[in-house]
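> Could you have a look at this structure, given as structure tokens, before my questions?
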Amino acid sequence: MMKKVVAIMGSYRKNGVIDSIVVSMLETLKKEGVEVIKHDLLDKKIEFCTNCRQCTQAEGTDRGKCIHNDDFNGMMVDIDSADGLILAAPTNFFTINALTKRFIERLVCFAYWPFKQLGPKMRIKHRSKKAIIVSSSAMPGLLGRIFTSSLKILKVAAQTLGAKVVGTLYVGSAISAQDGKSQITAATFKKASKLAEKLL
């Protein structure tokens, strides 16, 4: 039985499409007695990765220690103790937004890559967690899945964190043509709830 789910929400908009979907998923899980934690990247102090690779030098399965002292480590502690993850970010210019990309670049600490070694080795081999990934854009959903890299990048992030992706949601045509405001259909909320149940 799933006990704890951590959501990483990478939208710039509170109560927007991505945020509303993540909240609805967490509500579904809470009704089943699951402990849920939601991290809004907009509210976190996460420094840019400088590509110094200090975090990749120490051997072992534990993630490497970053030179930055910010909110990233606390988020990782929550993720370490979670059974499931929800990674959600909007699509901007055919890929995930910069806010989420900054977080994902810091996941290099999950690689062992000493300077003398030609390529990295991932520290986590066994993916014991489950993950749902979510993205959205103004273009129709099918086109978004085909022509953007958002879901692919979020999937790699989930795998790096030791999770197997068990469901994806791409919300297309997320902006109303009439007034330019975000919109989510009842069918989308229903699908989001069903996906959340896959984590149980």
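Scheme for the structure tokens: letters A, B, ... for chains in order shown; per-chain residue numbers from 1; ligand numbers from 1 in order shown.
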Would you write out, as a Markdown table, a table of all residues in stretch 106-158 of chain A that have an atom no more than 12 Å from an atom of stretch 36-52 of chain A, listing for each the closest atom pair and the distance in Å to one decimal, considering only C-alpha atoms and ordering rows by chain and rising residue number?

```
| residue | atom | partner | partner_atom | distance |
| --- | --- | --- | --- | --- |
| A:Arg106 | CA | A:Cys49 | CA | 5.6 |
| A:Leu107 | CA | A:Cys49 | CA | 9.1 |
| A:Val108 | CA | A:Cys49 | CA | 8.7 |
| A:Cys109 | CA | A:Cys49 | CA | 10.1 |
| A:Trp113 | CA | A:Cys52 | CA | 11.3 |
| A:Pro114 | CA | A:Cys52 | CA | 11.3 |
| A:Phe115 | CA | A:Cys52 | CA | 10.3 |
```
> Keeping N, CA and C atoms, export the residues of the selection given above as an mmCIF file, in the first residue's frame.

```cif
data_model
loop_
_atom_site.group_PDB
_atom_site.id
_atom_site.type_symbol
_atom_site.label_atom_id
_atom_site.label_comp_id
_atom_site.auth_asym_id
_atom_site.auth_seq_id
_atom_site.Cartn_x
_atom_site.Cartn_y
_atom_site.Cartn_z
ATOM 1 N N ARG A 106 19.884 19.815 -11.254
ATOM 2 C CA ARG A 106 20.509 19.511 -9.968
ATOM 3 C C ARG A 106 20.497 18.007 -9.659
ATOM 4 N N LEU A 107 19.744 17.236 -10.424
ATOM 5 C CA LEU A 107 19.695 15.786 -10.206
ATOM 6 C C LEU A 107 20.967 15.084 -10.654
ATOM 7 N N VAL A 108 21.925 15.831 -11.156
ATOM 8 C CA VAL A 108 23.217 15.244 -11.530
ATOM 9 C C VAL A 108 23.884 14.590 -10.324
ATOM 10 N N CYS A 109 23.457 14.971 -9.119
ATOM 11 C CA CYS A 109 24.019 14.368 -7.898
ATOM 12 C C CYS A 109 23.706 12.873 -7.808
ATOM 13 N N TRP A 113 30.438 10.159 -11.402
ATOM 14 C CA TRP A 113 31.187 10.523 -12.604
ATOM 15 C C TRP A 113 32.508 11.199 -12.230
ATOM 16 N N PRO A 114 33.462 10.420 -11.766
ATOM 17 C CA PRO A 114 34.769 11.014 -11.461
ATOM 18 C C PRO A 114 35.395 11.601 -12.719
ATOM 19 N N PHE A 115 36.246 12.600 -12.543
ATOM 20 C CA PHE A 115 36.794 13.331 -13.686
ATOM 21 C C PHE A 115 37.572 12.438 -14.649
#
```
> DSSP on the backbone: which residues in stretch 50-185 of chain A end up as helix (DSSP H, G or I)? Give the answer as a ChimeraX atom specification.
/A:54-56,72-80,98-110,141-147,150-160
> Can you list, as JSON, numbers by chain, every residue of chain A that DSSP puts in strand (DSSP E)?
{"A": [4, 5, 6, 7, 8, 9, 35, 36, 37, 38, 39, 40, 84, 85, 86, 87, 88, 91, 92, 95, 96, 111, 112, 121, 122, 129, 130, 131, 132, 133, 134, 135, 136, 163, 164, 165, 166, 167, 168, 169, 170, 171]}
> Might you pull out every residue within 7 Å of A:Ala89, with only C-alpha atoms counted and same-chain residues fewer than 4 positions away left off, and present them as a PDB file with N, CA and C atoms, in the first residue's frame?

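Final file, part_35.pdb:
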```
ATOM      1  N   MET A   9       5.864  20.451  -8.312  1.00  0.00           N
ATOM      2  CA  MET A   9       5.022  21.259  -9.192  1.00  0.00           C
ATOM      3  C   MET A   9       5.851  22.411  -9.743  1.00  0.00           C
ATOM      4  N   GLY A  10       6.064  22.397 -11.059  1.00  0.00           N
ATOM      5  CA  GLY A  10       6.969  23.363 -11.663  1.00  0.00           C
ATOM      6  C   GLY A  10       6.315  24.497 -12.423  1.00  0.00           C
ATOM      7  N   SER A  11       5.052  24.780 -12.145  1.00  0.00           N
ATOM      8  CA  SER A  11       4.370  25.851 -12.877  1.00  0.00           C
ATOM      9  C   SER A  11       4.675  27.222 -12.282  1.00  0.00           C
ATOM     10  N   ILE A  18      -1.548  23.154 -14.479  1.00  0.00           N
ATOM     11  CA  ILE A  18      -0.681  22.154 -13.847  1.00  0.00           C
ATOM     12  C   ILE A  18      -0.956  22.069 -12.348  1.00  0.00           C
ATOM     13  N   ILE A  96      10.028  21.538 -21.300  1.00  0.00           N
ATOM     14  CA  ILE A  96       9.595  21.989 -19.981  1.00  0.00           C
ATOM     15  C   ILE A  96      10.133  23.392 -19.699  1.00  0.00           C
ATOM     16  N   ASN A  97       9.465  24.082 -18.780  1.00  0.00           N
ATOM     17  CA  ASN A  97       9.850  25.457 -18.487  1.00  0.00           C
ATOM     18  C   ASN A  97      11.176  25.523 -17.714  1.00  0.00           C
ATOM     19  N   THR A 100      11.471  24.325 -13.905  1.00  0.00           N
ATOM     20  CA  THR A 100      11.607  22.884 -13.693  1.00  0.00           C
ATOM     21  C   THR A 100      12.950  22.376 -14.187  1.00  0.00           C
ATOM     22  N   VAL A 134       3.219  14.861 -15.638  1.00  0.00           N
ATOM     23  CA  VAL A 134       2.145  15.709 -16.162  1.00  0.00           C
ATOM     24  C   VAL A 134       2.736  16.926 -16.861  1.00  0.00           C
ATOM     25  N   SER A 135       2.190  17.245 -18.029  1.00  0.00           N
ATOM     26  CA  SER A 135       2.550  18.496 -18.688  1.00  0.00           C
ATOM     27  C   SER A 135       1.333  19.049 -19.418  1.00  0.00           C
TER      28      SER A 135
END
```
> Measuring atom to atom with only C-alpha atoms, identify which of A:Met139, A:Leu118, A:Ala187, A:Leu87 is nearest to A:Ile153.
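For A:Ile153, the nearest of the given residues is A:Leu87.
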> Between atom CA of A:Ala192 and atom CA of A:Phe110, measure the distance and give it in Å to one decimal.
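Taking atom CA of A:Ala192 as the start and atom CA of A:Phe110 as the end point, the length is 29.0 Å.
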